[in-house]
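Data from coords-v4.csv: CSV, N, CA and C atoms
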```csv
chain,number,residue,atom,x,y,z
A,1328,MET,N,0.8,-1.2,0.0
A,1328,MET,CA,0.0,0.0,0.0
A,1328,MET,C,0.9,1.2,0.0
A,1329,ALA,N,0.9,2.0,-1.0
A,1329,ALA,CA,1.7,3.2,-1.1
A,1329,ALA,C,0.9,4.4,-0.7
A,1330,VAL,N,1.3,5.0,0.4
A,1330,VAL,CA,0.6,6.2,0.9
A,1330,VAL,C,1.7,7.3,1.1
A,1331,GLY,N,1.3,8.6,1.1
A,1331,GLY,CA,2.3,9.6,1.3
A,1331,GLY,C,2.4,10.2,2.7
A,1332,ARG,N,1.3,10.0,3.5
A,1332,ARG,CA,1.4,10.6,4.9
A,1332,ARG,C,0.4,9.9,5.8
A,1333,LEU,N,0.6,10.2,7.1
A,1333,LEU,CA,-0.4,9.7,8.0
A,1333,LEU,C,-1.6,10.7,8.0
A,1334,HIS,N,-2.8,10.2,8.0
A,1334,HIS,CA,-4.0,11.1,8.0
A,1334,HIS,C,-4.5,11.2,9.4
A,1335,ASP,N,-4.5,12.4,9.9
A,1335,ASP,CA,-5.0,12.6,11.3
A,1335,ASP,C,-4.2,11.8,12.3
A,1336,GLY,N,-2.9,11.6,12.0
A,1336,GLY,CA,-2.1,10.8,12.9
A,1336,GLY,C,-2.3,9.3,12.9
A,1337,PHE,N,-3.0,8.8,11.9
A,1337,PHE,CA,-3.3,7.4,11.8
A,1337,PHE,C,-3.2,6.8,10.4
A,1338,LEU,N,-2.6,5.6,10.3
A,1338,LEU,CA,-2.5,4.9,9.1
A,1338,LEU,C,-3.1,3.5,9.3
A,1339,PRO,N,-4.2,3.1,8.7
A,1339,PRO,CA,-4.8,1.8,9.0
A,1339,PRO,C,-3.8,0.6,8.5
A,1340,GLY,N,-4.0,-0.5,9.2
A,1340,GLY,CA,-3.3,-1.7,8.9
A,1340,GLY,C,-2.0,-1.8,9.6
A,1341,GLN,N,-1.4,-3.0,9.6
A,1341,GLN,CA,-0.1,-3.3,10.3
A,1341,GLN,C,1.0,-3.2,9.2
A,1342,HIS,N,2.0,-2.5,9.6
A,1342,HIS,CA,3.1,-2.2,8.7
A,1342,HIS,C,4.5,-2.5,9.3
A,1343,ALA,N,5.4,-3.1,8.6
A,1343,ALA,CA,6.7,-3.3,9.1
A,1343,ALA,C,7.5,-2.0,9.2
A,1344,ILE,N,8.4,-2.0,10.0
A,1344,ILE,CA,9.3,-0.8,10.1
A,1344,ILE,C,10.4,-1.0,9.1
A,1345,ALA,N,10.5,0.0,8.2
A,1345,ALA,CA,11.5,-0.1,7.1
A,1345,ALA,C,12.8,0.6,7.6
A,1346,GLY,N,12.8,1.4,8.6
A,1346,GLY,CA,14.0,2.1,9.1
A,1346,GLY,C,13.6,3.0,10.3
A,1347,PHE,N,14.6,3.3,11.1
A,1347,PHE,CA,14.4,4.2,12.2
A,1347,PHE,C,15.7,4.9,12.5
A,1348,GLY,N,15.6,6.0,13.3
A,1348,GLY,CA,16.7,6.8,13.6
A,1348,GLY,C,16.4,8.3,13.2
A,1349,ASN,N,17.3,9.2,13.5
A,1349,ASN,CA,17.1,10.6,13.2
A,1349,ASN,C,15.8,11.1,13.7
A,1350,GLY,N,15.4,10.6,14.8
A,1350,GLY,CA,14.2,11.1,15.5
A,1350,GLY,C,12.9,10.5,14.9
A,1351,GLY,N,12.9,9.5,14.1
A,1351,GLY,CA,11.7,9.0,13.5
A,1351,GLY,C,11.7,7.6,13.0
A,1352,PHE,N,10.7,7.3,12.1
A,1352,PHE,CA,10.6,5.9,11.6
A,1352,PHE,C,10.2,6.0,10.1
A,1353,ARG,N,10.5,4.9,9.4
A,1353,ARG,CA,10.0,4.8,8.0
A,1353,ARG,C,9.2,3.5,8.0
A,1354,PHE,N,8.0,3.6,7.3
A,1354,PHE,CA,7.1,2.5,7.2
A,1354,PHE,C,6.1,2.8,6.1
A,1355,ALA,N,5.6,1.8,5.4
A,1355,ALA,CA,4.6,2.0,4.3
A,1355,ALA,C,4.9,3.2,3.4
A,1356,GLU,N,6.1,3.4,3.0
A,1356,GLU,CA,6.6,4.5,2.2
A,1356,GLU,C,6.3,5.8,2.8
A,1357,ILE,N,6.3,5.9,4.1
A,1357,ILE,CA,6.2,7.1,4.9
A,1357,ILE,C,7.4,7.3,5.7
A,1358,SER,N,7.8,8.6,5.9
A,1358,SER,CA,8.9,8.9,6.8
A,1358,SER,C,8.2,9.8,7.8
A,1359,HIS,N,8.2,9.4,9.1
A,1359,HIS,CA,7.6,10.1,10.2
A,1359,HIS,C,8.6,10.5,11.3
A,1360,LYS,N,8.6,11.8,11.6
A,1360,LYS,CA,9.4,12.2,12.8
A,1360,LYS,C,8.6,12.1,14.0
A,1361,GLY,N,9.2,11.4,15.0
A,1361,GLY,CA,8.5,11.2,16.3
A,1361,GLY,C,8.2,9.8,16.6
A,1362,SER,N,7.6,9.6,17.7
A,1362,SER,CA,7.3,8.2,18.2
A,1362,SER,C,6.0,7.7,17.7
A,1363,ILE,N,5.8,6.4,17.7
A,1363,ILE,CA,4.6,5.8,17.1
A,1363,ILE,C,4.1,4.6,18.0
A,1364,LEU,N,2.9,4.3,17.8
A,1364,LEU,CA,2.2,3.1,18.4
A,1364,LEU,C,1.8,2.3,17.2
A,1365,LEU,N,2.2,1.0,17.3
A,1365,LEU,CA,1.8,0.0,16.2
A,1365,LEU,C,0.8,-0.9,16.8
A,1366,LEU,N,-0.5,-0.7,16.5
A,1366,LEU,CA,-1.6,-1.5,17.0
A,1366,LEU,C,-2.2,-2.3,15.9
A,1367,PRO,N,-3.0,-3.3,16.3
A,1367,PRO,CA,-3.7,-4.1,15.2
A,1367,PRO,C,-4.5,-3.3,14.2
A,1368,ASP,N,-5.1,-2.2,14.7
A,1368,ASP,CA,-5.9,-1.4,13.8
A,1368,ASP,C,-5.1,-0.4,12.9
A,1369,GLY,N,-3.8,-0.2,13.3
A,1369,GLY,CA,-3.0,0.7,12.5
A,1369,GLY,C,-1.8,1.4,13.2
A,1370,VAL,N,-1.2,2.3,12.6
A,1370,VAL,CA,-0.1,3.1,13.1
A,1370,VAL,C,-0.6,4.4,13.6
A,1371,HIS,N,-0.3,4.8,14.8
A,1371,HIS,CA,-0.7,6.0,15.4
A,1371,HIS,C,0.5,6.9,15.8
A,1372,ILE,N,0.4,8.2,15.6
A,1372,ILE,CA,1.4,9.1,16.1
A,1372,ILE,C,1.3,9.1,17.6
A,1373,TRP,N,2.4,9.2,18.2
A,1373,TRP,CA,2.5,9.1,19.7
A,1373,TRP,C,3.5,10.1,20.2
A,1374,THR,N,3.0,10.9,21.2
A,1374,THR,CA,3.9,11.8,21.9
A,1374,THR,C,4.0,11.3,23.3
A,1375,PRO,N,5.0,10.5,23.7
A,1375,PRO,CA,5.0,9.9,25.0
A,1375,PRO,C,5.3,11.0,26.1
A,1376,PRO,N,4.5,11.1,27.1
A,1376,PRO,CA,4.8,11.9,28.2
A,1376,PRO,C,6.0,11.3,29.0
A,1377,LEU,N,6.7,12.1,29.7
A,1377,LEU,CA,7.9,11.6,30.5
A,1377,LEU,C,7.6,11.7,31.9
A,1378,PRO,N,7.9,10.7,32.7
A,1378,PRO,CA,8.3,9.3,32.3
A,1378,PRO,C,7.1,8.5,31.8
A,1379,PHE,N,7.1,8.1,30.5
A,1379,PHE,CA,6.0,7.5,29.9
A,1379,PHE,C,5.6,6.2,30.5
A,1380,LEU,N,6.6,5.4,31.1
A,1380,LEU,CA,6.3,4.1,31.6
A,1380,LEU,C,5.3,4.2,32.8
A,1381,HIS,N,5.2,5.3,33.4
A,1381,HIS,CA,4.4,5.4,34.7
A,1381,HIS,C,3.0,6.0,34.4
A,1382,VAL,N,2.7,6.1,33.1
A,1382,VAL,CA,1.4,6.7,32.8
A,1382,VAL,C,0.5,5.6,32.3
A,1383,ASP,N,-0.3,5.0,33.2
A,1383,ASP,CA,-1.2,3.9,32.9
A,1383,ASP,C,-2.1,4.2,31.7
A,1384,ALA,N,-2.7,5.4,31.6
A,1384,ALA,CA,-3.6,5.8,30.6
A,1384,ALA,C,-3.0,5.6,29.2
A,1385,LEU,N,-1.7,5.8,29.1
A,1385,LEU,CA,-1.0,5.6,27.9
A,1385,LEU,C,-1.3,4.3,27.2
A,1386,TYR,N,-1.4,3.3,28.0
A,1386,TYR,CA,-1.6,1.9,27.5
A,1386,TYR,C,-3.0,1.5,27.3
A,1387,ASP,N,-4.0,2.4,27.5
A,1387,ASP,CA,-5.4,2.1,27.3
A,1387,ASP,C,-5.7,1.7,25.8
A,1388,ALA,N,-4.9,2.2,24.9
A,1388,ALA,CA,-5.1,1.8,23.5
A,1388,ALA,C,-4.8,0.3,23.3
A,1389,PHE,N,-3.8,-0.2,24.0
A,1389,PHE,CA,-3.5,-1.6,23.9
A,1389,PHE,C,-4.5,-2.4,24.6
A,1390,PHE,N,-5.0,-2.0,25.8
A,1390,PHE,CA,-6.0,-2.8,26.5
A,1390,PHE,C,-7.3,-2.8,25.6
A,1391,ALA,N,-7.6,-1.7,24.9
A,1391,ALA,CA,-8.8,-1.6,24.1
A,1391,ALA,C,-8.8,-2.7,23.0
A,1392,GLN,N,-7.6,-3.0,22.5
A,1392,GLN,CA,-7.4,-4.0,21.4
A,1392,GLN,C,-6.8,-5.3,21.9
A,1393,ALA,N,-6.9,-5.6,23.2
A,1393,ALA,CA,-6.3,-6.7,23.8
A,1393,ALA,C,-6.7,-8.1,23.2
A,1394,ASP,N,-7.9,-8.1,22.7
A,1394,ASP,CA,-8.3,-9.4,22.1
A,1394,ASP,C,-7.6,-9.7,20.8
A,1395,SER,N,-6.8,-8.7,20.2
A,1395,SER,CA,-6.1,-8.9,19.0
A,1395,SER,C,-4.5,-8.8,19.2
A,1396,ILE,N,-4.1,-8.8,20.5
A,1396,ILE,CA,-2.7,-8.7,20.8
A,1396,ILE,C,-2.3,-9.8,21.8
A,1397,ASP,N,-1.2,-10.5,21.4
A,1397,ASP,CA,-0.6,-11.5,22.3
A,1397,ASP,C,0.7,-10.9,22.9
A,1398,ILE,N,1.4,-10.1,22.1
A,1398,ILE,CA,2.7,-9.6,22.5
A,1398,ILE,C,2.8,-8.1,22.3
A,1399,LEU,N,3.2,-7.4,23.3
A,1399,LEU,CA,3.5,-5.9,23.2
A,1399,LEU,C,5.0,-5.7,23.4
A,1400,LEU,N,5.6,-5.0,22.5
A,1400,LEU,CA,7.0,-4.7,22.6
A,1400,LEU,C,7.0,-3.2,22.9
A,1401,VAL,N,7.8,-2.8,23.9
A,1401,VAL,CA,8.0,-1.4,24.2
A,1401,VAL,C,9.4,-1.0,24.0
A,1402,GLY,N,9.6,-0.1,23.0
A,1402,GLY,CA,10.9,0.4,22.7
A,1402,GLY,C,11.1,1.7,23.4
A,1403,THR,N,12.0,1.6,24.4
A,1403,THR,CA,12.2,2.7,25.4
A,1403,THR,C,13.2,3.7,25.0
A,1404,GLY,N,13.7,3.7,23.8
A,1404,GLY,CA,14.8,4.7,23.4
A,1404,GLY,C,16.1,3.9,23.3
A,1405,ASN,N,17.1,4.6,23.7
A,1405,ASN,CA,18.5,4.0,23.7
A,1405,ASN,C,18.8,3.1,24.9
A,1406,MET,N,18.0,3.2,25.9
A,1406,MET,CA,18.3,2.5,27.2
A,1406,MET,C,17.0,1.6,27.5
A,1407,PRO,N,17.2,0.4,27.8
A,1407,PRO,CA,16.0,-0.4,28.2
A,1407,PRO,C,15.6,0.0,29.6
A,1408,LEU,N,14.3,0.1,29.9
A,1408,LEU,CA,13.8,0.5,31.2
A,1408,LEU,C,12.8,-0.5,31.6
A,1409,PRO,N,12.7,-0.7,32.9
A,1409,PRO,CA,11.7,-1.7,33.4
A,1409,PRO,C,10.3,-1.1,33.4
A,1410,MET,N,9.3,-1.9,33.3
A,1410,MET,CA,7.9,-1.5,33.4
A,1410,MET,C,7.5,-1.6,34.9
A,1411,PRO,N,6.8,-0.7,35.4
A,1411,PRO,CA,6.3,-0.8,36.8
A,1411,PRO,C,5.5,-2.1,37.0
A,1412,GLN,N,5.7,-2.7,38.1
A,1412,GLN,CA,5.1,-4.0,38.3
A,1412,GLN,C,3.6,-4.0,38.3
A,1413,SER,N,3.0,-2.9,38.7
A,1413,SER,CA,1.5,-2.8,38.7
A,1413,SER,C,1.0,-2.8,37.3
A,1414,LEU,N,1.7,-2.2,36.4
A,1414,LEU,CA,1.3,-2.1,35.0
A,1414,LEU,C,1.5,-3.5,34.3
A,1415,ARG,N,2.6,-4.1,34.7
A,1415,ARG,CA,2.9,-5.4,34.1
A,1415,ARG,C,1.8,-6.4,34.5
A,1416,TRP,N,1.3,-6.3,35.7
A,1416,TRP,CA,0.2,-7.2,36.1
A,1416,TRP,C,-1.0,-6.9,35.3
A,1417,ARG,N,-1.3,-5.7,35.0
A,1417,ARG,CA,-2.5,-5.4,34.2
A,1417,ARG,C,-2.4,-6.0,32.8
A,1418,PHE,N,-1.2,-6.0,32.2
A,1418,PHE,CA,-1.0,-6.7,30.9
A,1418,PHE,C,-1.1,-8.2,31.1
A,1419,ARG,N,-0.6,-8.8,32.2
A,1419,ARG,CA,-0.7,-10.2,32.4
A,1419,ARG,C,-2.2,-10.6,32.5
A,1420,ASP,N,-3.0,-9.8,33.3
A,1420,ASP,CA,-4.4,-10.0,33.4
A,1420,ASP,C,-5.2,-10.0,32.1
A,1421,ALA,N,-4.6,-9.2,31.1
A,1421,ALA,CA,-5.2,-9.0,29.8
A,1421,ALA,C,-4.6,-10.1,28.8
A,1422,ALA,N,-3.8,-11.0,29.3
A,1422,ALA,CA,-3.2,-12.0,28.5
A,1422,ALA,C,-2.3,-11.5,27.4
A,1423,ILE,N,-1.6,-10.4,27.7
A,1423,ILE,CA,-0.6,-9.8,26.8
A,1423,ILE,C,0.8,-9.9,27.4
A,1424,SER,N,1.7,-10.5,26.7
A,1424,SER,CA,3.1,-10.6,27.2
A,1424,SER,C,3.8,-9.3,26.8
A,1425,VAL,N,4.6,-8.8,27.7
A,1425,VAL,CA,5.3,-7.5,27.4
A,1425,VAL,C,6.8,-7.7,27.4
A,1426,GLY,N,7.4,-7.1,26.3
A,1426,GLY,CA,8.9,-7.1,26.2
A,1426,GLY,C,9.4,-5.6,26.3
A,1427,MET,N,10.2,-5.3,27.2
A,1427,MET,CA,10.8,-4.0,27.4
A,1427,MET,C,12.2,-4.1,26.8
A,1428,MET,N,12.5,-3.2,25.9
A,1428,MET,CA,13.8,-3.2,25.3
A,1428,MET,C,14.1,-1.9,24.6
A,1429,THR,N,15.3,-1.8,24.0
A,1429,THR,CA,15.6,-0.6,23.3
A,1429,THR,C,14.7,-0.5,22.1
A,1430,THR,N,14.6,0.7,21.5
A,1430,THR,CA,13.8,0.9,20.3
A,1430,THR,C,14.3,0.1,19.2
A,1431,ALA,N,15.6,0.0,19.0
A,1431,ALA,CA,16.2,-0.7,17.9
A,1431,ALA,C,15.8,-2.2,18.0
A,1432,SER,N,15.9,-2.8,19.2
A,1432,SER,CA,15.5,-4.2,19.4
A,1432,SER,C,14.0,-4.4,19.2
A,1433,ALA,N,13.2,-3.5,19.7
A,1433,ALA,CA,11.8,-3.6,19.6
A,1433,ALA,C,11.3,-3.5,18.2
A,1434,ALA,N,11.9,-2.6,17.4
A,1434,ALA,CA,11.5,-2.4,16.0
A,1434,ALA,C,11.9,-3.7,15.2
A,1435,SER,N,13.1,-4.2,15.4
A,1435,SER,CA,13.5,-5.4,14.7
A,1435,SER,C,12.7,-6.6,15.1
A,1436,THR,N,12.4,-6.8,16.4
A,1436,THR,CA,11.6,-7.9,16.9
A,1436,THR,C,10.2,-7.8,16.4
A,1437,PHE,N,9.6,-6.6,16.3
A,1437,PHE,CA,8.3,-6.4,15.8
A,1437,PHE,C,8.2,-6.9,14.3
A,1438,ASN,N,9.2,-6.5,13.5
A,1438,ASN,CA,9.2,-6.9,12.1
A,1438,ASN,C,9.2,-8.5,12.0
A,1439,VAL,N,10.0,-9.1,12.8
A,1439,VAL,CA,10.1,-10.6,12.8
A,1439,VAL,C,8.8,-11.2,13.1
A,1440,LEU,N,8.2,-10.7,14.2
A,1440,LEU,CA,6.9,-11.3,14.7
A,1440,LEU,C,5.8,-11.0,13.7
A,1441,LEU,N,5.8,-9.8,13.2
A,1441,LEU,CA,4.8,-9.5,12.2
A,1441,LEU,C,4.9,-10.4,10.9
A,1442,ALA,N,6.1,-10.6,10.5
A,1442,ALA,CA,6.3,-11.5,9.3
A,1442,ALA,C,5.9,-12.9,9.6
A,1443,GLU,N,6.0,-13.3,10.9
A,1443,GLU,CA,5.5,-14.7,11.3
A,1443,GLU,C,4.0,-14.7,11.6
A,1444,LYS,N,3.3,-13.6,11.3
A,1444,LYS,CA,1.8,-13.5,11.5
A,1444,LYS,C,1.4,-13.6,12.9
A,1445,ARG,N,2.3,-13.1,13.8
A,1445,ARG,CA,2.0,-13.2,15.2
A,1445,ARG,C,1.1,-11.9,15.6
A,1446,ARG,N,0.4,-12.0,16.6
A,1446,ARG,CA,-0.5,-10.9,17.1
A,1446,ARG,C,0.4,-10.0,18.0
A,1447,VAL,N,1.1,-9.1,17.3
A,1447,VAL,CA,2.0,-8.2,18.0
A,1447,VAL,C,1.7,-6.7,17.9
A,1448,ALA,N,2.0,-6.0,18.9
A,1448,ALA,CA,1.8,-4.5,18.9
A,1448,ALA,C,3.1,-3.9,19.5
A,1449,ALA,N,3.3,-2.6,19.3
A,1449,ALA,CA,4.5,-2.0,19.8
A,1449,ALA,C,4.2,-0.5,20.1
A,1450,ALA,N,5.0,0.0,21.1
A,1450,ALA,CA,5.1,1.4,21.4
A,1450,ALA,C,6.6,1.7,21.2
A,1451,LEU,N,6.9,2.6,20.3
A,1451,LEU,CA,8.3,2.8,19.9
A,1451,LEU,C,8.6,4.3,20.1
A,1452,VAL,N,9.5,4.6,21.1
A,1452,VAL,CA,10.1,5.9,21.3
A,1452,VAL,C,11.1,6.2,20.2
A,1453,ALA,N,11.0,7.3,19.5
A,1453,ALA,CA,11.9,7.7,18.5
A,1453,ALA,C,13.3,7.9,19.1
A,1454,VAL,N,14.3,7.6,18.3
A,1454,VAL,CA,15.7,7.8,18.7
A,1454,VAL,C,16.5,8.5,17.6
A,1455,GLU,N,17.5,9.2,18.0
A,1455,GLU,CA,18.4,9.9,17.1
A,1455,GLU,C,19.3,9.0,16.3
```

Take the structure I supplied and represent it as structure tokens, if you would.
Amino acid sequence: MAVGRLHDGFLPGQHAIAGFGNGGFRFAEISHKGSILLLPDGVHIWTPPLPFLHVDALYDAFFAQADSIDILLVGTGNMPLPMPQSLRWRFRDAAISVGMMTTASAASTFNVLLAEKRRVAAALVAVE
């Protein structure tokens, strides 16, 4: 699907990450500056508040689509960060496994799992 831009901060469908760095991502023939959420319904522009891992409401989009997600990858930038235990339990209760890792690792892992037709989603913080 060749498209030129995200409409209203949203691009329907799941798309592999073609590249990342310089503060953004490339996917579906789009170059986007900033962070993104990759959900079963599509790609969403994301401006993570800091510290984003402690904002439970941030993850409501993933819980809303929990019936279509088995694995959530969280790309935390250049340094892996732990997820608060209370939030990790919420994901466990929703039957979603969570992997916390650098953005580079999360983007690469997302592509592999997507190619394997796994039910994967991701929150990716942009890196330089």

Residue set, chain A restricted to helix (DSSP H, G or I), as a VMD selection string:
chain A and resid 1379 to 1381 1383 to 1391 1393 to 1395 1412 to 1420 1430 to 1442

Using DSSP on the backbone, list every residue of segment 1347-1391 of chain A that comes out as strand (DSSP E or B), and give them as a list in words.
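Taking segment 1347-1391 of chain A and keeping strand (DSSP E or B) only, one gets Phe1347, Gly1348, Gly1351, Phe1352, Arg1353, Phe1354, Ile1357, Ser1358, His1359, Lys1360, Ser1362, Ile1363, Leu1364, Leu1365, Leu1366, Gly1369, Val1370, His1371, Ile1372 and Trp1373 of chain A.
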
Just checking: using only N, CA and C atoms, which residue out of A:Leu1400, A:Arg1415, A:Glu1455, A:Arg1445 ends up closest to Met1427 of chain A?
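Counting only N, CA and C atoms, the residue closest to Met1427 of chain A is A:Leu1400.
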
Ile1396 of chain A environment, 7 Å, only C-alpha atoms, sequence neighbours closer than 3 positions dropped, as a ChimeraX atom specification:
/A:1392-1393,1423,1446-1448

What is the atom C of Ala1434 of chain A-atom C of Ala1343 of chain A distance in Å, reported with one decimal?
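Distance reported for this atom pair: 7.6 Å.
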
Could you check which of A:Phe1418, A:Thr1429, A:Gly1361, A:Pro1376 is closest to Gly1404 of chain A, using only C-alpha atoms?
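Under the stated criterion, the closest residue is A:Thr1429.
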
Counting only N, CA and C atoms, which residue out of A:Gly1336, A:Gly1346, A:Gly1426, A:Gly1369 sits closest to Leu1399 of chain A?
A:Gly1426

So the first atom is atom C of Phe1337 of chain A and the second is atom CA of Ser1432 of chain A; what is the distance between them in Å, to one decimal place?
23.5 Å

Which of A:Val1370, A:Ile1357, A:Leu1414, A:Ile1344 sits closest to Ala1433 of chain A [using only C-alpha atoms]
A:Ile1344

May I ask for the distance between atom C of Ile1398 of chain A and atom N of Arg1419 of chain A, given in Å to one decimal place?
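Computing it gives 10.5 Å between the two atoms.
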
Using only C-alpha atoms, which of A:Thr1403, A:Thr1436, A:Thr1430, A:Ser1358 sits nearest Ile1372 of chain A?
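Nearest to Ile1372 of chain A: A:Ser1358.
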